[in-house]
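Q: Submitted below is the structure of interest, expressed as structure tokens.
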Amino acid sequence: MTTVGIIGAGHIGSALARGLVDRGYDVVISNSRGPETLADLVADLGPRATAGTPQDAAERGDWAIVTVPLRALESVPVEPLAGKIVLDTNNYYWERDGRIAALDEKRTTTSQMLQEHLPASIVAKAFNHIMSGDILTDGTPAGTPGRRALATASDSAEGSAFVTAIYDEFGFDTVNIGPLADSWRVERDRPAYVVRQDAAELEANLARAER
């Protein structure tokens, strides 16, 4: 059975953990405060979920999700994630993260920052532009008219294809933005951010985004 390492147990991480265990995955979920602080969450998630440290999640996961505040990016374990696909849910909230010159000056993106931190991993943008409460409620079967779509970006075709398959399991269509350098199109304050849209609407919103 596939095990997913989840680094970050906030709203998005917890919702994805629920969705994954409900779909037959095992998850190891972690946060910065220690496994003991996740006892209630893993008890609620059931026997497919265990709590661990970020190192545990990175080591035991066949693939991983990084969903920590951007200011904590450097705390993400590097070596255990080498060769693995890593989904990045992050956005830049300067009020929370502090000002980051490279982002303010539009010289990089949050996902590029994670890829730079994890040079031997395959990083793909995912689940960053949907409210956590919608992840488990807005999905519909493939082919449903008006099916909600989510975007992904990766410097690897394997990464984009992987996210496409995960999105479909959760009930969403996919629009592939392209490389991580273009992932800003689906981040905070852009037309595609946290709005319900089908694939055609998402494509249009991505196209009219301004940096």
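In the structure tokens, chains take letters A, B, ... by order of appearance, with residues numbered from 1 within each chain and ligands from 1 in the order shown.
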Give me the range 112-133 of chain A side of the contact with range 79-89 of chain A, cut-off 9 Å, one line per residue showing its nearest atom pair and distance in Å at one decimal, counting only C-alpha atoms, sorted by chain and residue number, as a tab-separated table.
A:
```
residue	atom	partner	partner_atom	distance
A:Leu114	CA	A:Asp88	CA	7.6
A:Leu118	CA	A:Ala82	CA	7.2
A:Pro119	CA	A:Ala82	CA	7.7
A:Ala120	CA	A:Ala82	CA	4.7
A:Ser121	CA	A:Ala82	CA	4.8
A:Ile122	CA	A:Ile85	CA	4.6
A:Val123	CA	A:Val86	CA	4.8
A:Ala124	CA	A:Leu87	CA	5.0
A:Lys125	CA	A:Asp88	CA	4.8
A:Ala126	CA	A:Thr89	CA	5.3
A:Phe127	CA	A:Thr89	CA	5.4
A:Asn128	CA	A:Thr89	CA	4.3
A:His129	CA	A:Thr89	CA	8.1
```
Q: So that I can see what lies close to range 139-146 of chain A, please list as number ranges by chain the residues with an atom at most 7 Å from it, counting only C-alpha atoms and leaving out residues fewer than 4 positions away in the same chain.
A: A: 170-172, 198
Q: Extract, using only C-alpha atoms, all DNA, RNA and protein residues at most 7 Å from Val4 in chain A, discarding same-chain residues fewer than 6 positions from it, and format them as JSON, numbers by chain.
A: {"A": [26, 27, 28, 61, 62, 63, 64]}
Q: Fewer than 3 positions away in the same chain doesn't count, so skip those; otherwise give me all residues within 12 Å of Arg71 in chain A, counting only C-alpha atoms, as a list in words.
A: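 So the residues in contact are Thr67, Val68, Glu74, Ser75, Val76, Asn90, Asn91, Tyr92, Tyr93, Trp94, Glu95, Arg96, Asp97, Gly98, Arg99, Ile100, Thr110, Met113 and Leu114 of chain A.
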Q: Mind writing the picked residues with C-alpha atoms as a CSV table (one decimal), in the first residue's frame?
A:
```csv
chain,number,residue,atom,x,y,z
A,67,THR,CA,2.2,22.2,3.3
A,68,VAL,CA,4.1,24.3,5.8
A,74,GLU,CA,14.2,25.3,5.2
A,75,SER,CA,13.1,22.9,7.8
A,76,VAL,CA,11.8,20.4,5.2
A,90,ASN,CA,2.3,26.8,-0.6
A,91,ASN,CA,1.5,30.5,-1.3
A,92,TYR,CA,3.4,33.6,-0.3
A,93,TYR,CA,1.7,35.5,2.5
A,94,TRP,CA,4.2,38.2,3.4
A,95,GLU,CA,2.1,39.1,6.4
A,96,ARG,CA,2.9,35.6,7.8
A,97,ASP,CA,6.2,34.8,6.2
A,98,GLY,CA,7.9,38.2,6.2
A,99,ARG,CA,9.1,39.9,3.1
A,100,ILE,CA,11.1,37.7,0.6
A,110,THR,CA,7.3,29.6,-4.1
A,113,MET,CA,12.1,27.9,-3.9
A,114,LEU,CA,11.0,24.4,-2.8
```
Q: In terms of the shortest atom-to-atom distance over only C-alpha atoms, which of A:Pro54, A:Gly133, A:Pro179, A:Gly24 is closest to Thr109 in chain A?
A: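 The answer is A:Pro179, which sits nearest to Thr109 in chain A.
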Q: As a short mmCIF file (atom, residue, chain, number, x, y, z; two decimals) with C-alpha atoms, in the first residue's frame, please: every residue in range 55-110 of chain A that DSSP puts in alpha helix (DSSP H).
A:
```cif
data_model
loop_
_atom_site.label_atom_id
_atom_site.label_comp_id
_atom_site.auth_asym_id
_atom_site.auth_seq_id
_atom_site.Cartn_x
_atom_site.Cartn_y
_atom_site.Cartn_z
CA GLN A 55 11.91 13.37 9.07
CA ASP A 56 9.63 10.36 9.63
CA ALA A 57 7.13 11.61 7.06
CA ALA A 58 9.86 12.24 4.50
CA GLU A 59 11.50 8.87 5.07
CA ARG A 60 8.39 6.71 5.15
CA TRP A 94 4.15 38.20 3.37
CA GLU A 95 2.11 39.12 6.44
CA ARG A 96 2.87 35.65 7.82
CA ASP A 97 6.17 34.80 6.16
CA ALA A 101 12.92 39.88 -1.87
CA ALA A 102 13.18 37.24 -4.60
CA LEU A 103 9.39 36.87 -4.59
CA ASP A 104 8.65 40.57 -4.27
CA THR A 110 7.31 29.60 -4.07
#
```
Q: For Leu73 in chain A, which residue out of A:Ala199, A:Leu16, A:Ile7, A:Ala209 is the nearest one, using only C-alpha atoms?
A: A:Ile7
